[in-house]
file structure.pdb (PDB, C-alpha atoms)
ATOM      1  CA  MET A   1       2.563  29.436 -16.612
ATOM      2  CA  LYS A   2      -0.254  30.087 -14.148
ATOM      3  CA  ASN A   3      -2.745  28.244 -16.369
ATOM      4  CA  GLU A   4      -0.346  25.296 -16.633
ATOM      5  CA  ALA A   5       0.030  25.109 -12.837
ATOM      6  CA  SER A   6      -3.747  25.313 -12.427
ATOM      7  CA  SER A   7      -4.185  22.539 -14.989
ATOM      8  CA  ASN A   8      -1.628  20.379 -13.169
ATOM      9  CA  PHE A   9      -3.449  20.823  -9.860
ATOM     10  CA  LYS A  10      -6.748  19.868 -11.494
ATOM     11  CA  LEU A  11      -5.142  16.769 -12.983
ATOM     12  CA  PHE A  12      -3.633  15.864  -9.629
ATOM     13  CA  GLY A  13      -7.087  16.265  -8.088
ATOM     14  CA  LYS A  14      -8.380  13.832 -10.714
ATOM     15  CA  ILE A  15      -5.548  11.424  -9.883
ATOM     16  CA  THR A  16      -6.434  11.700  -6.185
ATOM     17  CA  ALA A  17     -10.068  10.817  -6.964
ATOM     18  CA  LYS A  18      -8.989   7.817  -9.074
ATOM     19  CA  SER A  19      -6.648   6.690  -6.307
ATOM     20  CA  LEU A  20      -9.433   6.938  -3.720
ATOM     21  CA  PHE A  21     -11.763   4.929  -5.952
ATOM     22  CA  ALA A  22      -9.041   2.276  -6.391
ATOM     23  CA  TRP A  23      -8.748   2.050  -2.577
ATOM     24  CA  ILE A  24     -12.517   1.845  -2.015
ATOM     25  CA  LYS A  25     -12.883  -0.852  -4.680
ATOM     26  CA  VAL A  26     -10.424  -3.225  -3.000
ATOM     27  CA  ALA A  27     -11.595  -2.373   0.525
ATOM     28  CA  PHE A  28     -15.234  -3.045  -0.477
ATOM     29  CA  ILE A  29     -14.323  -6.507  -1.794
ATOM     30  CA  GLY A  30     -12.591  -7.163   1.539
ATOM     31  CA  VAL A  31     -15.689  -6.086   3.500
ATOM     32  CA  VAL A  32     -17.901  -8.382   1.401
ATOM     33  CA  ILE A  33     -15.562 -11.336   2.021
ATOM     34  CA  MET A  34     -15.415 -10.589   5.756
ATOM     35  CA  ILE A  35     -19.200 -10.391   6.187
ATOM     36  CA  THR A  36     -19.814 -13.429   3.963
ATOM     37  CA  ASN A  37     -17.228 -15.620   5.690
ATOM     38  CA  ILE A  38     -18.251 -14.757   9.235
ATOM     39  CA  THR A  39     -21.970 -15.139   8.468
ATOM     40  CA  ILE A  40     -21.545 -18.527   6.776
ATOM     41  CA  ALA A  41     -19.192 -19.746   9.537
ATOM     42  CA  VAL A  42     -21.696 -18.798  12.259
ATOM     43  CA  ILE A  43     -24.525 -20.547  10.357
ATOM     44  CA  LEU A  44     -22.437 -23.702   9.940
ATOM     45  CA  PHE A  45     -21.451 -23.706  13.618
ATOM     46  CA  SER A  46     -25.089 -23.373  14.637
ATOM     47  CA  ASP A  47     -25.859 -26.507  12.587
ATOM     48  CA  ASN A  48     -23.310 -28.455  14.624
ATOM     49  CA  PRO A  49     -24.624 -29.470  18.070
ATOM     50  CA  GLY A  50     -21.101 -30.323  19.217
ATOM     51  CA  GLY A  51     -19.754 -26.750  19.102
ATOM     52  CA  GLY A  52     -18.927 -25.065  22.397
ATOM     53  CA  PHE A  53     -17.475 -21.774  21.269
ATOM     54  CA  PRO A  54     -20.065 -19.328  22.626
ATOM     55  CA  ALA A  55     -19.911 -20.765  26.139
ATOM     56  CA  SER A  56     -16.096 -20.711  26.195
ATOM     57  CA  GLY A  57     -16.131 -16.940  26.054
ATOM     58  CA  HIS A  58     -17.286 -16.813  29.698
ATOM     59  CA  ALA A  59     -14.062 -18.501  30.819
ATOM     60  CA  GLY A  60     -11.921 -15.505  29.897
ATOM     61  CA  ILE A  61      -9.191 -15.145  27.300
ATOM     62  CA  LEU A  62      -7.715 -18.601  27.934
ATOM     63  CA  GLY A  63     -11.154 -20.176  27.630
ATOM     64  CA  ALA A  64     -11.813 -18.287  24.386
ATOM     65  CA  VAL A  65      -8.496 -19.489  22.957
ATOM     66  CA  MET A  66      -9.214 -23.076  24.003
ATOM     67  CA  GLY A  67     -12.706 -22.777  22.543
ATOM     68  CA  PHE A  68     -11.279 -21.533  19.270
ATOM     69  CA  ILE A  69      -8.832 -24.447  19.159
ATOM     70  CA  PHE A  70     -11.734 -26.781  19.890
ATOM     71  CA  LEU A  71     -13.611 -25.319  16.909
ATOM     72  CA  PHE A  72     -10.712 -26.273  14.639
ATOM     73  CA  MET A  73     -10.857 -29.802  16.029
ATOM     74  CA  VAL A  74     -14.586 -30.316  15.431
ATOM     75  CA  GLU A  75     -15.192 -27.978  12.448
ATOM     76  CA  PHE A  76     -11.834 -27.297  10.802
ATOM     77  CA  TRP A  77     -13.068 -25.729   7.544
ATOM     78  CA  SER A  78     -15.735 -23.615   9.215
ATOM     79  CA  ALA A  79     -13.222 -22.433  11.822
ATOM     80  CA  LEU A  80     -10.744 -21.619   9.049
ATOM     81  CA  LEU A  81     -13.483 -19.703   7.220
ATOM     82  CA  LEU A  82     -14.206 -17.708  10.387
ATOM     83  CA  THR A  83     -10.509 -16.982  10.922
ATOM     84  CA  VAL A  84     -10.068 -15.784   7.346
ATOM     85  CA  GLY A  85     -13.131 -13.572   7.738
ATOM     86  CA  ILE A  86     -11.690 -11.974  10.881
ATOM     87  CA  LEU A  87      -8.257 -11.401   9.309
ATOM     88  CA  THR A  88      -9.563 -10.231   5.923
ATOM     89  CA  PRO A  89      -9.819  -6.501   6.827
ATOM     90  CA  VAL A  90      -6.101  -6.319   7.689
ATOM     91  CA  LEU A  91      -5.024  -8.004   4.448
ATOM     92  CA  PHE A  92      -7.377  -6.031   2.210
ATOM     93  CA  ILE A  93      -6.502  -2.678   3.762
ATOM     94  CA  ILE A  94      -2.861  -3.409   2.894
ATOM     95  CA  LEU A  95      -3.888  -4.378  -0.645
ATOM     96  CA  ALA A  96      -6.147  -1.324  -0.924
ATOM     97  CA  ASN A  97      -3.287   0.984   0.096
ATOM     98  CA  LYS A  98      -0.955  -0.588  -2.463
ATOM     99  CA  ASN A  99      -3.600  -0.414  -5.185
ATOM    100  CA  ALA A 100      -4.278   3.254  -4.439
ATOM    101  CA  ILE A 101      -0.582   4.163  -4.690
ATOM    102  CA  ALA A 102      -0.152   2.057  -7.849
ATOM    103  CA  SER A 103      -3.155   3.805  -9.409
ATOM    104  CA  ALA A 104      -1.759   7.227  -8.514
ATOM    105  CA  ILE A 105       1.702   6.499  -9.956
ATOM    106  CA  TYR A 106       0.251   5.034 -13.147
ATOM    107  CA  ASN A 107      -1.970   8.074 -13.658
ATOM    108  CA  ILE A 108       0.936  10.434 -13.001
ATOM    109  CA  TRP A 109       2.675   8.744 -15.932
ATOM    110  CA  LYS A 110      -0.533   8.732 -17.998
ATOM    111  CA  PHE A 111      -1.119  12.464 -17.525
ATOM    112  CA  LYS A 112       2.624  13.251 -17.786
ATOM    113  CA  LEU A 113       2.821  14.803 -14.330
ATOM    114  CA  ALA A 114       6.281  13.618 -13.276
ATOM    115  CA  ASP A 115       7.270  17.285 -13.200
ATOM    116  CA  PHE A 116       4.702  17.734 -10.426
ATOM    117  CA  ILE A 117       6.889  15.572  -8.166
ATOM    118  CA  GLU A 118      10.420  16.465  -9.221
ATOM    119  CA  PRO A 119      10.394  20.028  -7.769
ATOM    120  CA  LYS A 120       9.411  18.508  -4.421
ATOM    121  CA  ILE A 121      12.509  16.301  -4.481
ATOM    122  CA  GLU A 122      14.679  19.368  -5.078
ATOM    123  CA  PHE A 123      12.869  21.097  -2.221
ATOM    124  CA  TYR A 124      13.542  18.214   0.191
ATOM    125  CA  VAL A 125      17.210  17.907  -0.812
ATOM    126  CA  ASP A 126      17.691  21.676  -0.399
ATOM    127  CA  LYS A 127      15.994  21.524   2.985
ATOM    128  CA  ILE A 128      18.444  18.853   4.168
ATOM    129  CA  LEU A 129      21.409  20.841   2.875
ATOM    130  CA  GLN A 130      20.187  24.003   4.600
ATOM    131  CA  LYS A 131      20.400  22.217   7.937
ATOM    132  CA  GLN A 132      23.541  20.204   7.098
ATOM    133  CA  PRO A 133      25.517  21.880   4.270
ATOM    134  CA  ASP A 134      28.184  19.155   4.250
ATOM    135  CA  PHE A 135      25.729  16.249   4.492
ATOM    136  CA  LEU A 136      26.290  14.873   0.968
ATOM    137  CA  LYS A 137      30.059  15.108   1.330
ATOM    138  CA  LYS A 138      30.041  12.916   4.415
ATOM    139  CA  ILE A 139      27.862  10.048   3.191
ATOM    140  CA  SER A 140      28.555   7.257   0.720
ATOM    141  CA  ASP A 141      25.426   5.145   1.055
ATOM    142  CA  TRP A 142      21.972   5.703  -0.500
ATOM    143  CA  SER A 143      20.195   4.191   2.516
ATOM    144  CA  VAL A 144      21.426   7.072   4.702
ATOM    145  CA  VAL A 145      20.188   9.656   2.199
ATOM    146  CA  LYS A 146      16.866   7.825   1.849
ATOM    147  CA  VAL A 147      16.246   7.806   5.614
ATOM    148  CA  LYS A 148      17.021  11.519   5.775
ATOM    149  CA  LEU A 149      14.705  12.292   2.852
ATOM    150  CA  LEU A 150      11.857  10.207   4.274
ATOM    151  CA  ASP A 151      12.212  11.942   7.634
ATOM    152  CA  THR A 152      12.125  15.345   5.922
ATOM    153  CA  ILE A 153       9.006  14.357   3.980
ATOM    154  CA  ASN A 154       7.279  13.151   7.160
ATOM    155  CA  HIS A 155       7.828  16.572   8.748
ATOM    156  CA  ASP A 156       6.464  18.447   5.721
ATOM    157  CA  SER A 157       3.011  19.749   6.662
ATOM    158  CA  GLN A 158       2.386  21.761   3.472
ATOM    159  CA  THR A 159       2.422  19.018   0.841
ATOM    160  CA  PRO A 160      -0.780  16.947   0.261
ATOM    161  CA  LYS A 161      -0.662  13.529   1.923
ATOM    162  CA  LEU A 162      -1.134  11.604  -1.320
ATOM    163  CA  GLN A 163       1.722  13.456  -2.986
ATOM    164  CA  LYS A 164       3.976  12.663  -0.007
ATOM    165  CA  ARG A 165       2.953   9.005  -0.024
ATOM    166  CA  ILE A 166       3.740   8.731  -3.736
ATOM    167  CA  ILE A 167       7.185  10.289  -3.281
ATOM    168  CA  LYS A 168       7.952   8.064  -0.276
ATOM    169  CA  PHE A 169       6.799   4.961  -2.146
ATOM    170  CA  ILE A 170       9.017   5.770  -5.137
ATOM    171  CA  LEU A 171      12.029   6.610  -2.956
ATOM    172  CA  LYS A 172      11.732   3.202  -1.311
ATOM    173  CA  LYS A 173      11.569   1.458  -4.690
ATOM    174  CA  ILE A 174      14.199   3.186  -6.833
ATOM    175  CA  LYS A 175      17.712   1.748  -7.057
ATOM    176  CA  MET A 176      20.743   3.984  -6.604
ATOM    177  CA  ASP A 177      23.500   1.348  -6.733
ATOM    178  CA  ASP A 178      25.071   2.973  -9.782
ATOM    179  CA  VAL A 179      25.440   6.388  -8.147
ATOM    180  CA  ASP A 180      28.846   7.441  -6.835
ATOM    181  CA  PHE A 181      28.063   9.532  -3.760
ATOM    182  CA  LYS A 182      31.764  10.126  -3.143
ATOM    183  CA  ASN A 183      32.042  12.067  -6.387
ATOM    184  CA  PRO A 184      31.899  15.807  -5.510
ATOM    185  CA  ASN A 185      30.199  16.512  -8.835
ATOM    186  CA  THR A 186      27.249  14.247  -8.040
ATOM    187  CA  ASN A 187      24.038  16.270  -8.275
ATOM    188  CA  LEU A 188      21.595  14.393  -6.057
ATOM    189  CA  SER A 189      18.519  16.396  -7.103
ATOM    190  CA  SER A 190      19.119  15.769 -10.828
ATOM    191  CA  ILE A 191      19.853  12.069 -10.311
ATOM    192  CA  LEU A 192      16.755  11.574  -8.171
ATOM    193  CA  SER A 193      14.588  13.421 -10.701
ATOM    194  CA  PHE A 194      15.900  11.166 -13.468
ATOM    195  CA  LYS A 195      15.419   7.996 -11.393
ATOM    196  CA  ILE A 196      11.896   8.988 -10.381
ATOM    197  CA  ARG A 197      10.886   9.793 -13.952
ATOM    198  CA  GLN A 198      12.400   6.488 -15.088
ATOM    199  CA  PHE A 199      10.490   4.591 -12.381
ATOM    200  CA  ILE A 200       7.175   6.276 -13.219
ATOM    201  CA  GLU A 201       7.566   5.659 -16.967
ATOM    202  CA  GLY A 202       8.195   1.970 -16.349
ATOM    203  CA  PHE A 203       5.238   1.533 -13.989
ATOM    204  CA  ALA A 204       2.601  -0.799 -15.388
ATOM    205  CA  GLU A 205      -1.130  -0.179 -15.175
ATOM    206  CA  PRO A 206      -2.350  -1.699 -11.875
ATOM    207  CA  ASP A 207      -4.752  -4.603 -11.934
ATOM    208  CA  LEU A 208      -6.726  -6.592  -9.370
ATOM    209  CA  LYS A 209      -5.284  -9.970 -10.332
ATOM    210  CA  LEU A 210      -4.093 -10.776  -6.784
ATOM    211  CA  VAL A 211      -7.415  -9.624  -5.314
ATOM    212  CA  TRP A 212      -9.413 -11.894  -7.653
ATOM    213  CA  ILE A 213      -7.078 -14.814  -6.866
ATOM    214  CA  LEU A 214      -7.832 -14.296  -3.168
ATOM    215  CA  VAL A 215     -11.562 -14.116  -3.932
ATOM    216  CA  ALA A 216     -11.329 -17.409  -5.854
ATOM    217  CA  ILE A 217      -9.457 -19.064  -2.968
ATOM    218  CA  ASP A 218     -12.102 -17.815  -0.554
ATOM    219  CA  ILE A 219     -14.904 -19.244  -2.704
ATOM    220  CA  VAL A 220     -13.137 -22.619  -2.663
ATOM    221  CA  LEU A 221     -12.826 -22.333   1.129
ATOM    222  CA  ILE A 222     -16.572 -21.634   1.445
ATOM    223  CA  ILE A 223     -17.380 -24.679  -0.699
ATOM    224  CA  LEU A 224     -15.096 -26.877   1.424
ATOM    225  CA  ALA A 225     -16.716 -25.556   4.611
ATOM    226  CA  PHE A 226     -20.167 -26.577   3.291
ATOM    227  CA  VAL A 227     -18.969 -29.953   1.990
ATOM    228  CA  PHE A 228     -17.213 -30.985   5.220
ATOM    229  CA  ASN A 229     -19.698 -29.422   7.614
ATOM    230  CA  SER A 230     -20.406 -31.964  10.373
ATOM    231  CA  HIS A 231     -23.991 -32.538  11.491
TER     232      HIS A 231
END
call {"tool": "encode", "arguments": {"input": "structure.pdb", "output": "structure tokens"}}
result
Amino acid sequence: MKNEASSNFKLFGKITAKSLFAWIKVAFIGVVIMITNITIAVILFSDNPGGGFPASGHAGILGAVMGFIFLFMVEFWSALLLTVGILTPVLFIILANKNAIASAIYNIWKFKLADFIEPKIEFYVDKILQKQPDFLKKISDWSVVKVKLLDTINHDSQTPKLQKRIIKFILKKIKMDDVDFKNPNTNLSSILSFKIRQFIEGFAEPDLKLVWILVAIDIVLIILAFVFNSH
């Protein structure tokens, strides 16, 4: 039993490493796009003698905003390229987070580690019931239970962050419409364990299709910025 637990922890460490690599991969692509877009936009603006963006910065926030609007008027595609470059980190951090979680869930299924999560669900349900023994008898809606579980998970300082993020992600995704919470025989821990296992088993291997689509769109945007650059 001890060897099995040790093996599970090693596998979860491997899953954590794979998840981190999945995050870094997407984030790195985002950094490359950001640097490329901003650099090209600045070069194209410097080729245009009509640009007044740098000087507008001395006029305060309003002047900077007006200068930015002016850039769109004189160099629309270059200004759009610059804007995309500035906003890229936000978008790609969101994508990186989603890719990391997707990678972790897929590898949990791949290494058959659903049982590494299920005991945690039982622990969180028991913790709620310890504080409010009649909680399940008084509710009839999954959203109320979900909020309570998520709050309990957030206050858990002993569980690894990745494991908590995976559980929270799954809890937000699973459907409980077919569960009768008014039935006194409803065993929430067992139902959640079944739903979680079902969700993990049906989770497809993550891919970077959306990321590569965004890269392709950005390449088109760069080409358009060069083609329509005013001299």
call {"tool": "closest_residue", "arguments": {"input": "structure.pdb", "among": "A:Leu221, A:Ile40, A:Ile33, A:Ile105", "to": "Ile15 (chain A)", "atoms": "all atoms listed in the file"}}
result
A:Ile105
call {"tool": "resolve_selection", "arguments": {"input": "structure.pdb", "expression": "the PyMOL selection byres ((chain A and resi 182) around 7)", "output": "ChimeraX atom specification"}}
result
/A:137,140,180-181,183-184
call {"tool": "atom_distance", "arguments": {"input": "structure.pdb", "atom1": "CA of Ile93 (chain A)", "atom2": "CA of Asp218 (chain A)"}}
result
16.7 Å
call {"tool": "atom_distance", "arguments": {"input": "structure.pdb", "atom1": "CA of Asp151 (chain A)", "atom2": "CA of Asp115 (chain A)"}}
result
22.1 Å
call {"tool": "residues_near_point", "arguments": {"input": "structure.pdb", "point": "(19.3, 4.9, -14.3)", "cutoff": "8 Å", "atoms": "all atoms listed in the file", "output": "ChimeraX atom specification"}}
result
/A:176,178,194-195,198
call {"tool": "write_last_selection", "arguments": {"input": "structure.pdb", "atoms": "C-alpha atoms", "output": "compact mmCIF listing (two decimals), in the frame of the given file"}}
result
# COMPACT_ATOMS: atom_id res chain seq x y z
CA MET A 176 20.74 3.98 -6.60
CA ASP A 178 25.07 2.97 -9.78
CA PHE A 194 15.90 11.17 -13.47
CA LYS A 195 15.42 8.00 -11.39
CA GLN A 198 12.40 6.49 -15.09
call {"tool": "closest_residue", "arguments": {"input": "structure.pdb", "among": "A:Ala17, A:Leu150, A:Ile38, A:Ala114", "to": "Lys168 (chain A)", "atoms": "all atoms listed in the file"}}
result
A:Leu150
call {"tool": "closest_residue", "arguments": {"input": "structure.pdb", "among": "A:Thr88, A:Ser189, A:Asn97, A:Gln132", "to": "Pro119 (chain A)", "atoms": "only C-alpha atoms"}}
result
A:Ser189
call {"tool": "resolve_selection", "arguments": {"input": "structure.pdb", "expression": "the PyMOL selection byres ((chain A and resi 196) around 10)", "output": "PyMOL selection string"}}
result
chain A and resi 114-115+117-118+121+167+170-171+173-175+190-195+197-202
call {"tool": "resolve_selection", "arguments": {"input": "structure.pdb", "expression": "the PyMOL selection byres ((chain A and resi 19) around 9)", "output": "ChimeraX atom specification"}}
result
/A:14-18,20-24,99-104,107,162
call {"tool": "atom_distance", "arguments": {"input": "structure.pdb", "atom1": "CA of Ala96 (chain A)", "atom2": "CA of Leu210 (chain A)"}}
result
11.3 Å
call {"tool": "residues_around", "arguments": {"input": "structure.pdb", "residues": "Ala225 (chain A)", "least_positions_apart": "5", "cutoff": "9 Å", "atoms": "all atoms listed in the file", "output": "list of chain:residue names"}}
result
A:Ile40, A:Ala41, A:Leu44, A:Glu75, A:Phe76, A:Trp77, A:Ser78, A:Ala79, A:Leu80, A:Leu81, A:Val220
call {"tool": "closest_residue", "arguments": {"input": "structure.pdb", "among": "A:Trp142, A:Val211, A:Leu11, A:Pro89", "to": "Val31 (chain A)", "atoms": "only C-alpha atoms"}}
result
A:Pro89
call {"tool": "closest_residue", "arguments": {"input": "structure.pdb", "among": "A:Ile219, A:Asn185, A:Val90, A:Asn229", "to": "Asn37 (chain A)", "atoms": "only C-alpha atoms"}}
result
A:Ile219
call {"tool": "closest_residue", "arguments": {"input": "structure.pdb", "among": "A:Ile153, A:Val145, A:Ile94, A:Phe123", "to": "Val26 (chain A)", "atoms": "all atoms listed in the file"}}
result
A:Ile94
call {"tool": "axis_aligned_box", "arguments": {"input": "structure.pdb", "around": "region 181-189 of chain A", "padding_each_side": "5 Å", "output": "lines of an AutoDock Vina configuration file"}}
result
center_x = 25.3
center_y = 13.0
center_z = -6.0
size_x = 23.5
size_y = 17.0
size_z = 15.7
